[in-house]
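Source file: start_2.json; contents: JSON, N, CA and C atoms.
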```json
[["chain", "number", "residue", "atom", "x", "y", "z"],
["F", 25, "MET", "N", -26.57, 26.74, -6.09],
["F", 25, "MET", "CA", -26.72, 26.08, -4.81],
["F", 25, "MET", "C", -26.20, 24.64, -4.87],
["F", 26, "LYS", "N", -26.57, 23.90, -5.95],
["F", 26, "LYS", "CA", -26.13, 22.52, -6.07],
["F", 26, "LYS", "C", -24.62, 22.43, -6.20],
["F", 27, "SER", "N", -24.03, 23.34, -6.98],
["F", 27, "SER", "CA", -22.58, 23.30, -7.15],
["F", 27, "SER", "C", -21.87, 23.63, -5.83],
["F", 28, "TRP", "N", -22.45, 24.48, -5.03],
["F", 28, "TRP", "CA", -21.88, 24.82, -3.73],
["F", 28, "TRP", "C", -21.86, 23.60, -2.82],
["F", 29, "LEU", "N", -22.96, 22.83, -2.81],
["F", 29, "LEU", "CA", -23.02, 21.61, -2.01],
["F", 29, "LEU", "C", -22.01, 20.58, -2.50],
["F", 30, "LEU", "N", -21.87, 20.49, -3.81],
["F", 30, "LEU", "CA", -20.91, 19.56, -4.39],
["F", 30, "LEU", "C", -19.49, 19.90, -3.94],
["F", 31, "CYS", "N", -19.17, 21.17, -3.88],
["F", 31, "CYS", "CA", -17.84, 21.61, -3.43],
["F", 31, "CYS", "C", -17.59, 21.23, -1.97],
["F", 32, "LEU", "N", -18.63, 21.21, -1.18],
["F", 32, "LEU", "CA", -18.48, 20.81, 0.22],
["F", 32, "LEU", "C", -18.24, 19.31, 0.37],
["F", 33, "TRP", "N", -18.83, 18.51, -0.52],
["F", 33, "TRP", "CA", -18.73, 17.05, -0.43],
["F", 33, "TRP", "C", -17.47, 16.50, -1.08],
["F", 34, "LEU", "N", -16.94, 17.17, -2.07],
["F", 34, "LEU", "CA", -15.77, 16.67, -2.79],
["F", 34, "LEU", "C", -14.57, 16.36, -1.90],
["F", 35, "PRO", "N", -14.19, 17.22, -0.97],
["F", 35, "PRO", "CA", -13.05, 16.88, -0.11],
["F", 35, "PRO", "C", -13.26, 15.61, 0.71],
["F", 36, "LEU", "N", -14.47, 15.31, 1.07],
["F", 36, "LEU", "CA", -14.74, 14.09, 1.82],
["F", 36, "LEU", "C", -14.44, 12.85, 1.00],
["F", 37, "PHE", "N", -14.76, 12.89, -0.28],
["F", 37, "PHE", "CA", -14.47, 11.75, -1.16],
["F", 37, "PHE", "C", -12.97, 11.61, -1.37],
["F", 38, "ALA", "N", -12.27, 12.71, -1.42],
["F", 38, "ALA", "CA", -10.82, 12.67, -1.65],
["F", 38, "ALA", "C", -10.09, 12.07, -0.45],
["F", 39, "LEU", "N", -10.64, 12.21, 0.74],
["F", 39, "LEU", "CA", -9.98, 11.71, 1.94],
["F", 39, "LEU", "C", -10.13, 10.20, 2.13],
["F", 40, "GLN", "N", -11.11, 9.60, 1.46],
["F", 40, "GLN", "CA", -11.31, 8.17, 1.61],
["F", 40, "GLN", "C", -10.18, 7.41, 0.92],
["F", 41, "GLU", "N", -9.63, 6.43, 1.64],
["F", 41, "GLU", "CA", -8.56, 5.61, 1.08],
["F", 41, "GLU", "C", -9.15, 4.46, 0.30],
["F", 42, "ARG", "N", -8.55, 4.17, -0.80],
["F", 42, "ARG", "CA", -8.96, 3.03, -1.59],
["F", 42, "ARG", "C", -8.02, 1.87, -1.31],
["F", 43, "THR", "N", -8.59, 0.69, -1.12],
["F", 43, "THR", "CA", -7.77, -0.49, -0.92],
["F", 43, "THR", "C", -7.52, -1.14, -2.28],
["F", 44, "TYR", "N", -6.25, -1.43, -2.56],
["F", 44, "TYR", "CA", -5.85, -2.05, -3.81],
["F", 44, "TYR", "C", -5.46, -3.50, -3.56],
["F", 45, "THR", "N", -5.52, -4.31, -4.61],
["F", 45, "THR", "CA", -4.88, -5.63, -4.56],
["F", 45, "THR", "C", -3.47, -5.45, -5.12],
["F", 46, "ILE", "N", -2.62, -6.39, -4.84],
["F", 46, "ILE", "CA", -1.25, -6.28, -5.38],
["F", 46, "ILE", "C", -1.30, -6.34, -6.91],
["F", 47, "GLY", "N", -2.19, -7.16, -7.45],
["F", 47, "GLY", "CA", -2.34, -7.22, -8.90],
["F", 47, "GLY", "C", -2.68, -5.87, -9.50],
["F", 48, "GLU", "N", -3.58, -5.12, -8.86],
["F", 48, "GLU", "CA", -3.95, -3.78, -9.34],
["F", 48, "GLU", "C", -2.76, -2.83, -9.24],
["F", 49, "VAL", "N", -2.01, -2.92, -8.17],
["F", 49, "VAL", "CA", -0.82, -2.08, -8.02],
["F", 49, "VAL", "C", 0.16, -2.37, -9.14],
["F", 50, "MET", "N", 0.39, -3.64, -9.44],
["F", 50, "MET", "CA", 1.35, -4.01, -10.49],
["F", 50, "MET", "C", 0.88, -3.51, -11.86],
["F", 51, "ARG", "N", -0.41, -3.65, -12.15],
["F", 51, "ARG", "CA", -0.93, -3.21, -13.45],
["F", 51, "ARG", "C", -0.90, -1.70, -13.61],
["F", 52, "ASN", "N", -1.06, -0.96, -12.50],
["F", 52, "ASN", "CA", -1.15, 0.50, -12.55],
["F", 52, "ASN", "C", 0.06, 1.19, -11.94],
["F", 53, "ALA", "N", 1.18, 0.50, -11.83],
["F", 53, "ALA", "CA", 2.35, 1.02, -11.11],
["F", 53, "ALA", "C", 2.86, 2.33, -11.68],
["F", 54, "ARG", "N", 2.93, 2.44, -12.97],
["F", 54, "ARG", "CA", 3.47, 3.67, -13.57],
["F", 54, "ARG", "C", 2.63, 4.88, -13.16],
["F", 55, "GLN", "N", 1.32, 4.77, -13.26],
["F", 55, "GLN", "CA", 0.43, 5.88, -12.91],
["F", 55, "GLN", "C", 0.47, 6.17, -11.41],
["F", 56, "LEU", "N", 0.43, 5.12, -10.60],
["F", 56, "LEU", "CA", 0.45, 5.30, -9.14],
["F", 56, "LEU", "C", 1.77, 5.94, -8.70],
["F", 57, "HIS", "N", 2.87, 5.57, -9.33],
["F", 57, "HIS", "CA", 4.18, 6.16, -9.02],
["F", 57, "HIS", "C", 4.20, 7.64, -9.40],
["F", 58, "ASN", "N", 3.72, 7.95, -10.60],
["F", 58, "ASN", "CA", 3.72, 9.33, -11.07],
["F", 58, "ASN", "C", 2.83, 10.23, -10.22],
["F", 59, "ASP", "N", 1.72, 9.69, -9.71],
["F", 59, "ASP", "CA", 0.79, 10.47, -8.89],
["F", 59, "ASP", "C", 1.23, 10.55, -7.43],
["F", 60, "SER", "N", 2.29, 9.83, -7.06],
["F", 60, "SER", "CA", 2.74, 9.74, -5.66],
["F", 60, "SER", "C", 1.60, 9.32, -4.74],
["F", 61, "THR", "N", 0.78, 8.39, -5.22],
["F", 61, "THR", "CA", -0.36, 7.90, -4.47],
["F", 61, "THR", "C", 0.09, 6.91, -3.41],
["F", 62, "ILE", "N", -0.44, 7.07, -2.21],
["F", 62, "ILE", "CA", -0.20, 6.08, -1.17],
["F", 62, "ILE", "C", -1.27, 5.01, -1.33],
["F", 63, "VAL", "N", -0.82, 3.78, -1.56],
["F", 63, "VAL", "CA", -1.76, 2.67, -1.76],
["F", 63, "VAL", "C", -1.92, 1.91, -0.45],
["F", 64, "LYS", "N", -3.12, 1.43, -0.23],
["F", 64, "LYS", "CA", -3.43, 0.61, 0.94],
["F", 64, "LYS", "C", -3.64, -0.81, 0.43],
["F", 65, "VAL", "N", -2.86, -1.75, 0.97],
["F", 65, "VAL", "CA", -2.90, -3.14, 0.52],
["F", 65, "VAL", "C", -2.99, -4.05, 1.74],
["F", 66, "THR", "N", -3.84, -5.06, 1.65],
["F", 66, "THR", "CA", -3.98, -6.03, 2.73],
["F", 66, "THR", "C", -3.51, -7.39, 2.23],
["F", 67, "GLY", "N", -2.68, -8.06, 3.04],
["F", 67, "GLY", "CA", -2.17, -9.36, 2.65],
["F", 67, "GLY", "C", -1.29, -9.94, 3.74],
["F", 68, "TYR", "N", -0.29, -10.71, 3.31],
["F", 68, "TYR", "CA", 0.55, -11.45, 4.24],
["F", 68, "TYR", "C", 2.03, -11.26, 3.91],
["F", 69, "VAL", "N", 2.84, -11.03, 4.94],
["F", 69, "VAL", "CA", 4.28, -11.03, 4.77],
["F", 69, "VAL", "C", 4.70, -12.49, 4.84],
["F", 70, "THR", "N", 5.21, -13.02, 3.74],
["F", 70, "THR", "CA", 5.51, -14.45, 3.68],
["F", 70, "THR", "C", 6.99, -14.78, 3.86],
["F", 71, "LYS", "N", 7.84, -13.76, 3.70],
["F", 71, "LYS", "CA", 9.27, -14.06, 3.80],
["F", 71, "LYS", "C", 10.05, -12.78, 4.07],
["F", 72, "LYS", "N", 11.05, -12.87, 4.92],
["F", 72, "LYS", "CA", 11.98, -11.75, 5.12],
["F", 72, "LYS", "C", 13.11, -11.96, 4.12],
["F", 73, "LEU", "N", 13.41, -10.93, 3.36],
["F", 73, "LEU", "CA", 14.47, -11.01, 2.37],
["F", 73, "LEU", "C", 15.75, -10.47, 3.00],
["F", 74, "ARG", "N", 16.26, -9.38, 2.55],
["F", 74, "ARG", "CA", 17.47, -8.81, 3.14],
["F", 74, "ARG", "C", 17.17, -7.41, 3.65],
["F", 75, "GLY", "N", 17.87, -7.01, 4.71],
["F", 75, "GLY", "CA", 17.66, -5.68, 5.27],
["F", 75, "GLY", "C", 16.23, -5.47, 5.73],
["F", 76, "ASN", "N", 15.60, -4.42, 5.22],
["F", 76, "ASN", "CA", 14.22, -4.09, 5.57],
["F", 76, "ASN", "C", 13.23, -4.61, 4.53],
["F", 77, "ASN", "N", 13.66, -5.51, 3.64],
["F", 77, "ASN", "CA", 12.82, -5.98, 2.55],
["F", 77, "ASN", "C", 12.12, -7.29, 2.90],
["F", 78, "TYR", "N", 10.84, -7.34, 2.52],
["F", 78, "TYR", "CA", 10.00, -8.51, 2.78],
["F", 78, "TYR", "C", 9.23, -8.85, 1.52],
["F", 79, "LEU", "N", 8.81, -10.10, 1.42],
["F", 79, "LEU", "CA", 7.92, -10.53, 0.35],
["F", 79, "LEU", "C", 6.50, -10.45, 0.89],
["F", 80, "PHE", "N", 5.64, -9.74, 0.19],
["F", 80, "PHE", "CA", 4.27, -9.49, 0.62],
["F", 80, "PHE", "C", 3.33, -10.03, -0.45],
["F", 81, "GLU", "N", 2.30, -10.75, -0.06],
["F", 81, "GLU", "CA", 1.38, -11.30, -1.07],
["F", 81, "GLU", "C", -0.06, -11.26, -0.61],
["F", 82, "ASP", "N", -0.94, -11.26, -1.61],
["F", 82, "ASP", "CA", -2.37, -11.44, -1.39],
["F", 82, "ASP", "C", -2.83, -12.49, -2.38],
["F", 83, "ARG", "N", -4.12, -12.62, -2.60],
["F", 83, "ARG", "CA", -4.62, -13.68, -3.48],
["F", 83, "ARG", "C", -4.34, -13.42, -4.96],
["F", 84, "THR", "N", -3.84, -12.22, -5.29],
["F", 84, "THR", "CA", -3.65, -11.88, -6.70],
["F", 84, "THR", "C", -2.20, -11.92, -7.16],
["F", 85, "ALA", "N", -1.25, -11.64, -6.28],
["F", 85, "ALA", "CA", 0.16, -11.57, -6.68],
["F", 85, "ALA", "C", 1.04, -11.40, -5.44],
["F", 86, "GLU", "N", 2.35, -11.27, -5.70],
["F", 86, "GLU", "CA", 3.29, -10.97, -4.63],
["F", 86, "GLU", "C", 4.19, -9.84, -5.07],
["F", 87, "ILE", "N", 4.71, -9.11, -4.09],
["F", 87, "ILE", "CA", 5.52, -7.94, -4.38],
["F", 87, "ILE", "C", 6.52, -7.76, -3.23],
["F", 88, "GLN", "N", 7.63, -7.12, -3.53],
["F", 88, "GLN", "CA", 8.62, -6.83, -2.50],
["F", 88, "GLN", "C", 8.26, -5.51, -1.84],
["F", 89, "VAL", "N", 8.32, -5.47, -0.50],
["F", 89, "VAL", "CA", 8.04, -4.25, 0.24],
["F", 89, "VAL", "C", 9.24, -3.90, 1.11],
["F", 90, "ASP", "N", 9.46, -2.62, 1.25],
["F", 90, "ASP", "CA", 10.52, -2.10, 2.11],
["F", 90, "ASP", "C", 9.84, -1.49, 3.33],
["F", 91, "ILE", "N", 10.03, -2.13, 4.50],
["F", 91, "ILE", "CA", 9.38, -1.66, 5.73],
["F", 91, "ILE", "C", 10.46, -1.22, 6.71],
["F", 92, "ASP", "N", 10.53, 0.06, 6.94],
["F", 92, "ASP", "CA", 11.45, 0.60, 7.94],
["F", 92, "ASP", "C", 11.03, 0.06, 9.31],
["F", 93, "PRO", "N", 11.96, -0.36, 10.15],
["F", 93, "PRO", "CA", 11.60, -0.93, 11.46],
["F", 93, "PRO", "C", 10.69, -0.05, 12.30],
["F", 94, "LYS", "N", 10.76, 1.28, 12.12],
["F", 94, "LYS", "CA", 9.89, 2.16, 12.91],
["F", 94, "LYS", "C", 8.41, 2.02, 12.53],
["F", 95, "PHE", "N", 8.12, 1.42, 11.36],
["F", 95, "PHE", "CA", 6.74, 1.23, 10.93],
["F", 95, "PHE", "C", 6.20, -0.16, 11.25],
["F", 96, "LEU", "N", 7.05, -1.05, 11.76],
["F", 96, "LEU", "CA", 6.59, -2.39, 12.12],
["F", 96, "LEU", "C", 5.72, -2.33, 13.37],
["F", 97, "PRO", "N", 4.70, -3.18, 13.45],
["F", 97, "PRO", "CA", 3.83, -3.15, 14.63],
["F", 97, "PRO", "C", 4.56, -3.65, 15.88],
["F", 98, "GLU", "N", 4.12, -3.18, 17.04],
["F", 98, "GLU", "CA", 4.72, -3.63, 18.30],
["F", 98, "GLU", "C", 4.46, -5.11, 18.53],
["F", 99, "LYS", "N", 3.26, -5.55, 18.17],
["F", 99, "LYS", "CA", 2.89, -6.95, 18.33],
["F", 99, "LYS", "C", 3.45, -7.75, 17.15],
["F", 100, "PRO", "N", 4.30, -8.75, 17.41],
["F", 100, "PRO", "CA", 4.88, -9.54, 16.32],
["F", 100, "PRO", "C", 3.79, -10.23, 15.49],
["F", 101, "PHE", "N", 4.11, -10.49, 14.23],
["F", 101, "PHE", "CA", 3.16, -11.17, 13.35],
["F", 101, "PHE", "C", 3.88, -12.28, 12.60],
["F", 102, "SER", "N", 3.09, -13.22, 12.08],
["F", 102, "SER", "CA", 3.66, -14.32, 11.31],
["F", 102, "SER", "C", 3.10, -14.28, 9.89],
["F", 103, "ASP", "N", 3.49, -15.26, 9.09],
["F", 103, "ASP", "CA", 3.00, -15.32, 7.71],
["F", 103, "ASP", "C", 1.52, -15.71, 7.64],
["F", 104, "ARG", "N", 0.91, -16.03, 8.76],
["F", 104, "ARG", "CA", -0.52, -16.37, 8.80],
["F", 104, "ARG", "C", -1.39, -15.20, 9.23],
["F", 105, "ASP", "N", -0.76, -14.13, 9.68],
["F", 105, "ASP", "CA", -1.48, -12.94, 10.14],
["F", 105, "ASP", "C", -1.66, -11.95, 9.00],
["F", 106, "GLU", "N", -2.90, -11.59, 8.73],
["F", 106, "GLU", "CA", -3.18, -10.61, 7.69],
["F", 106, "GLU", "C", -2.81, -9.22, 8.22],
["F", 107, "ILE", "N", -2.08, -8.47, 7.41],
["F", 107, "ILE", "CA", -1.70, -7.11, 7.79],
["F", 107, "ILE", "C", -2.10, -6.12, 6.70],
["F", 108, "THR", "N", -2.18, -4.87, 7.08],
["F", 108, "THR", "CA", -2.49, -3.80, 6.14],
["F", 108, "THR", "C", -1.31, -2.84, 6.12],
["F", 109, "ILE", "N", -0.87, -2.54, 4.90],
["F", 109, "ILE", "CA", 0.21, -1.58, 4.73],
["F", 109, "ILE", "C", -0.27, -0.41, 3.88],
["F", 110, "ARG", "N", 0.35, 0.72, 4.11],
["F", 110, "ARG", "CA", 0.14, 1.91, 3.29],
["F", 110, "ARG", "C", 1.53, 2.30, 2.78],
["F", 111, "ALA", "N", 1.65, 2.37, 1.46],
["F", 111, "ALA", "CA", 2.98, 2.52, 0.88],
["F", 111, "ALA", "C", 2.96, 3.32, -0.41],
["F", 112, "LEU", "N", 4.13, 3.84, -0.74],
["F", 112, "LEU", "CA", 4.34, 4.48, -2.03],
["F", 112, "LEU", "C", 4.81, 3.43, -3.03],
["F", 113, "VAL", "N", 4.37, 3.55, -4.26],
["F", 113, "VAL", "CA", 4.77, 2.62, -5.31],
["F", 113, "VAL", "C", 6.08, 3.12, -5.92],
["F", 114, "GLU", "N", 7.07, 2.24, -5.97],
["F", 114, "GLU", "CA", 8.35, 2.57, -6.59],
["F", 114, "GLU", "C", 8.43, 1.83, -7.92],
["F", 115, "TYR", "N", 8.44, 2.60, -9.00],
["F", 115, "TYR", "CA", 8.42, 2.03, -10.34],
["F", 115, "TYR", "C", 9.57, 2.62, -11.15],
["F", 116, "GLU", "N", 10.38, 1.74, -11.72],
["F", 116, "GLU", "CA", 11.43, 2.13, -12.66],
["F", 116, "GLU", "C", 11.42, 1.11, -13.79],
["F", 117, "ILE", "N", 11.61, 1.58, -15.01],
["F", 117, "ILE", "CA", 11.63, 0.69, -16.17],
["F", 117, "ILE", "C", 12.76, -0.33, -15.98],
["F", 118, "ASN", "N", 12.46, -1.58, -16.32],
["F", 118, "ASN", "CA", 13.41, -2.70, -16.25],
["F", 118, "ASN", "C", 13.85, -3.06, -14.82],
["F", 119, "LYS", "N", 13.09, -2.64, -13.83],
["F", 119, "LYS", "CA", 13.35, -3.03, -12.44],
["F", 119, "LYS", "C", 12.04, -3.54, -11.83],
["F", 120, "PRO", "N", 12.14, -4.40, -10.83],
["F", 120, "PRO", "CA", 10.90, -4.89, -10.20],
["F", 120, "PRO", "C", 10.14, -3.75, -9.51],
["F", 121, "ILE", "N", 8.83, -3.84, -9.54],
["F", 121, "ILE", "CA", 7.98, -2.88, -8.85],
["F", 121, "ILE", "C", 8.06, -3.22, -7.36],
["F", 122, "THR", "N", 8.24, -2.20, -6.53],
["F", 122, "THR", "CA", 8.29, -2.41, -5.09],
["F", 122, "THR", "C", 7.40, -1.39, -4.39],
["F", 123, "LEU", "N", 7.12, -1.67, -3.11],
["F", 123, "LEU", "CA", 6.37, -0.74, -2.28],
["F", 123, "LEU", "C", 7.26, -0.28, -1.14],
["F", 124, "LYS", "N", 7.23, 1.01, -0.85],
["F", 124, "LYS", "CA", 7.98, 1.58, 0.28],
["F", 124, "LYS", "C", 6.96, 2.02, 1.31],
["F", 125, "VAL", "N", 6.91, 1.29, 2.41],
["F", 125, "VAL", "CA", 5.92, 1.57, 3.46],
["F", 125, "VAL", "C", 6.19, 2.94, 4.05],
["F", 126, "SER", "N", 5.12, 3.73, 4.16],
["F", 126, "SER", "CA", 5.26, 5.11, 4.62],
["F", 126, "SER", "C", 4.47, 5.42, 5.88],
["F", 127, "ARG", "N", 3.76, 4.41, 6.38],
["F", 127, "ARG", "CA", 2.97, 4.60, 7.60],
["F", 127, "ARG", "C", 3.01, 3.31, 8.42],
["F", 128, "GLN", "N", 2.53, 3.40, 9.64],
["F", 128, "GLN", "CA", 2.53, 2.25, 10.55],
["F", 128, "GLN", "C", 1.79, 1.06, 9.95],
["F", 129, "VAL", "N", 2.38, -0.14, 10.06],
["F", 129, "VAL", "CA", 1.76, -1.37, 9.60],
["F", 129, "VAL", "C", 0.74, -1.81, 10.65],
["F", 130, "ASN", "N", -0.46, -2.19, 10.19],
["F", 130, "ASN", "CA", -1.52, -2.64, 11.10],
["F", 130, "ASN", "C", -1.72, -4.13, 10.97],
["F", 131, "ASN", "N", -1.79, -4.82, 12.11],
["F", 131, "ASN", "CA", -2.03, -6.26, 12.08],
["F", 131, "ASN", "C", -3.15, -6.67, 13.01],
["F", 132, "ASP", "N", -4.15, -5.78, 13.17],
["F", 132, "ASP", "CA", -5.28, -6.15, 14.02],
["F", 132, "ASP", "C", -6.54, -6.32, 13.26]]
```
Could you write out this file's structure as structure tokens?
Amino acid sequence: MKSWLLCLWLPLFALQERTYTIGEVMRNARQLHNDSTIVKVTGYVTKKLRGNNYLFEDRTAEIQVDIDPKFLPEKPFSDRDEITIRALVEYEINKPITLKVSRQVNND
């Protein structure tokens, strides 16, 4: 009976998203990349680089993110507005770790 109840609750725990810091993403990039985990990170876009690339930072570190224009929010944001992104971790040996945004960016 107990194991049956546990089986019912397990999917609920799996659906909960974990929020990471950029520092945690950088330290665990290899594992997160291999697991194809979508990470949720909250911080600030501080600079537009080239193309769809931006510099994103929180209190722990900064990282380059690739945000397709279709995922940008309708309401414009500045470097003072905290936003939440959900992205895949792109990790390759001897290259910078980056995030590829895979869902709509939230700035509310």
For range 41-57 of chain F, please output as a JSON list (two decimals) with N, CA and C atoms, keeping the file's coordinate frame all residues within 5 Å (counting all atoms listed in the file; exclusion window: fewer than 5 positions along the same chain).
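out-v8.json was written with the following content:
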```json
[["chain", "number", "residue", "atom", "x", "y", "z"],
["F", 64, "LYS", "N", -3.12, 1.43, -0.23],
["F", 64, "LYS", "CA", -3.43, 0.61, 0.94],
["F", 64, "LYS", "C", -3.64, -0.81, 0.43],
["F", 65, "VAL", "N", -2.86, -1.75, 0.97],
["F", 65, "VAL", "CA", -2.90, -3.14, 0.52],
["F", 65, "VAL", "C", -2.99, -4.05, 1.74],
["F", 84, "THR", "N", -3.84, -12.22, -5.29],
["F", 84, "THR", "CA", -3.65, -11.88, -6.70],
["F", 84, "THR", "C", -2.20, -11.92, -7.16],
["F", 85, "ALA", "N", -1.25, -11.64, -6.28],
["F", 85, "ALA", "CA", 0.16, -11.57, -6.68],
["F", 85, "ALA", "C", 1.04, -11.40, -5.44],
["F", 113, "VAL", "N", 4.37, 3.55, -4.26],
["F", 113, "VAL", "CA", 4.77, 2.62, -5.31],
["F", 113, "VAL", "C", 6.08, 3.12, -5.92]]
```
Phe80 in chain F environment, 7 Å, all atoms listed in the file, sequence neighbours closer than 4 positions dropped, as a ChimeraX atom specification: /F:67-71,85-89
Residues flagged helix (DSSP H, G or I) by DSSP in range 29-131 of chain F, as a list in words: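 DSSP on the backbone gives helix (DSSP H, G or I) at Leu29, Leu30, Cys31, Leu32, Trp33, Leu34, Pro35, Leu36, Phe37, Ala38, Leu39, Ile46, Gly47, Glu48, Val49, Met50, Arg51, Ala53, Arg54, Gln55, Leu56, His57, Asn58, Pro93, Lys94 and Phe95 of chain F.
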Here is a test: counting only N, CA and C atoms, which residue of F:Asn131, F:Thr122, F:Leu79, F:Asp90 is nearest to Asp105 in chain F?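 Answer, going by the shortest atom-to-atom distance: F:Asn131.
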One residue among F:Asp92, F:Glu81, F:Glu98, F:Glu114 is nearest to Thr66 in chain F when using only N, CA and C atoms, and that residue is F:Glu81
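Distance-wise, atom C of Asn58 in chain F and atom N of Lys94 in chain F end up 25.3 Å apart.
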How far is it from atom C of Asn130 in chain F to atom N of Val63 in chain F, in Å with one decimal?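 Answer for the atom C of Asn130 in chain F to atom N of Val63 in chain F separation: 14.8 Å.
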Could you work out how far atom C of Arg127 in chain F lies from atom C of Ile109 in chain F, giving the answer in Å with one decimal?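 Atom C of Arg127 in chain F lies 6.7 Å from atom C of Ile109 in chain F.
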Could you check which of F:Tyr115, F:Ser102, F:Phe95, F:Ile107 is closest to Gln128 in chain F, using only C-alpha atoms?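 Under the stated criterion, the closest residue is F:Phe95.
If all atoms listed in the file are the atoms counted, then among F:Ile91, F:Pro100, F:Ile121, F:Ile62 the closest residue to Tyr78 in chain F is F:Ile91.
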DSSP on the backbone: what in chain F comes out strand (DSSP E or B), as a count of residues only? 36
Determine the nearest neighbour of Leu96 in chain F from the options F:Arg74, F:Arg83, F:Arg110, F:Lys119, counting only C-alpha atoms.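 Among F:Arg74, F:Arg83, F:Arg110, F:Lys119, it is F:Arg110 that comes nearest to Leu96 in chain F.
Among the candidate residues F:Leu73, F:Asp59, F:Lys99, F:Ser126, the one lying nearest to Leu112 in chain F is F:Ser126, with distances computed using only N, CA and C atoms.
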Please supply range 117-123 of chain F, rebuilt with all heavy atoms, as a PDB file, keeping the file's coordinate frame.
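The resulting file, part-v2.pdb, is shown below:
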```pdb
ATOM      1  N   ILE F 117      11.610   1.580 -15.010  1.00  0.00           N
ATOM      2  CA  ILE F 117      11.630   0.690 -16.170  1.00  0.00           C
ATOM      3  C   ILE F 117      12.760  -0.330 -15.980  1.00  0.00           C
ATOM      4  O   ILE F 117      13.859   0.003 -15.551  1.00  0.00           O
ATOM      5  CB  ILE F 117      11.818   1.502 -17.463  1.00  0.00           C
ATOM      6  CG1 ILE F 117      10.582   2.390 -17.676  1.00  0.00           C
ATOM      7  CG2 ILE F 117      12.029   0.585 -18.662  1.00  0.00           C
ATOM      8  CD1 ILE F 117      10.694   3.340 -18.832  1.00  0.00           C
ATOM      9  N   ASN F 118      12.460  -1.580 -16.320  1.00  0.00           N
ATOM     10  CA  ASN F 118      13.410  -2.700 -16.250  1.00  0.00           C
ATOM     11  C   ASN F 118      13.850  -3.060 -14.820  1.00  0.00           C
ATOM     12  O   ASN F 118      14.891  -3.678 -14.642  1.00  0.00           O
ATOM     13  CB  ASN F 118      14.636  -2.455 -17.117  1.00  0.00           C
ATOM     14  CG  ASN F 118      14.274  -2.332 -18.579  1.00  0.00           C
ATOM     15  OD1 ASN F 118      13.340  -2.979 -19.057  1.00  0.00           O
ATOM     16  ND2 ASN F 118      14.993  -1.492 -19.292  1.00  0.00           N
ATOM     17  N   LYS F 119      13.090  -2.640 -13.830  1.00  0.00           N
ATOM     18  CA  LYS F 119      13.350  -3.030 -12.440  1.00  0.00           C
ATOM     19  C   LYS F 119      12.040  -3.540 -11.830  1.00  0.00           C
ATOM     20  O   LYS F 119      10.958  -3.132 -12.254  1.00  0.00           O
ATOM     21  CB  LYS F 119      13.888  -1.859 -11.626  1.00  0.00           C
ATOM     22  CG  LYS F 119      15.282  -1.446 -12.032  1.00  0.00           C
ATOM     23  CD  LYS F 119      15.869  -0.488 -11.052  1.00  0.00           C
ATOM     24  CE  LYS F 119      17.300  -0.153 -11.464  1.00  0.00           C
ATOM     25  NZ  LYS F 119      17.918   0.786 -10.548  1.00  0.00           N
ATOM     26  N   PRO F 120      12.140  -4.400 -10.830  1.00  0.00           N
ATOM     27  CA  PRO F 120      10.900  -4.890 -10.200  1.00  0.00           C
ATOM     28  C   PRO F 120      10.140  -3.750  -9.510  1.00  0.00           C
ATOM     29  O   PRO F 120      10.746  -2.828  -8.958  1.00  0.00           O
ATOM     30  CB  PRO F 120      11.401  -5.895  -9.155  1.00  0.00           C
ATOM     31  CG  PRO F 120      12.826  -6.147  -9.456  1.00  0.00           C
ATOM     32  CD  PRO F 120      13.331  -5.007 -10.269  1.00  0.00           C
ATOM     33  N   ILE F 121       8.830  -3.840  -9.540  1.00  0.00           N
ATOM     34  CA  ILE F 121       7.980  -2.880  -8.850  1.00  0.00           C
ATOM     35  C   ILE F 121       8.060  -3.220  -7.360  1.00  0.00           C
ATOM     36  O   ILE F 121       7.965  -4.373  -6.969  1.00  0.00           O
ATOM     37  CB  ILE F 121       6.532  -2.986  -9.354  1.00  0.00           C
ATOM     38  CG1 ILE F 121       6.477  -2.639 -10.841  1.00  0.00           C
ATOM     39  CG2 ILE F 121       5.605  -2.074  -8.547  1.00  0.00           C
ATOM     40  CD1 ILE F 121       5.207  -3.062 -11.522  1.00  0.00           C
ATOM     41  N   THR F 122       8.240  -2.200  -6.530  1.00  0.00           N
ATOM     42  CA  THR F 122       8.290  -2.410  -5.090  1.00  0.00           C
ATOM     43  C   THR F 122       7.400  -1.390  -4.390  1.00  0.00           C
ATOM     44  O   THR F 122       6.982  -0.401  -4.979  1.00  0.00           O
ATOM     45  CB  THR F 122       9.735  -2.276  -4.545  1.00  0.00           C
ATOM     46  OG1 THR F 122      10.221  -0.970  -4.831  1.00  0.00           O
ATOM     47  CG2 THR F 122      10.659  -3.318  -5.154  1.00  0.00           C
ATOM     48  N   LEU F 123       7.120  -1.670  -3.110  1.00  0.00           N
ATOM     49  CA  LEU F 123       6.370  -0.740  -2.280  1.00  0.00           C
ATOM     50  C   LEU F 123       7.260  -0.280  -1.140  1.00  0.00           C
ATOM     51  O   LEU F 123       7.975  -1.071  -0.536  1.00  0.00           O
ATOM     52  CB  LEU F 123       5.132  -1.421  -1.697  1.00  0.00           C
ATOM     53  CG  LEU F 123       4.080  -1.895  -2.695  1.00  0.00           C
ATOM     54  CD1 LEU F 123       2.950  -2.608  -1.967  1.00  0.00           C
ATOM     55  CD2 LEU F 123       3.529  -0.726  -3.495  1.00  0.00           C
TER      56      LEU F 123
END
```
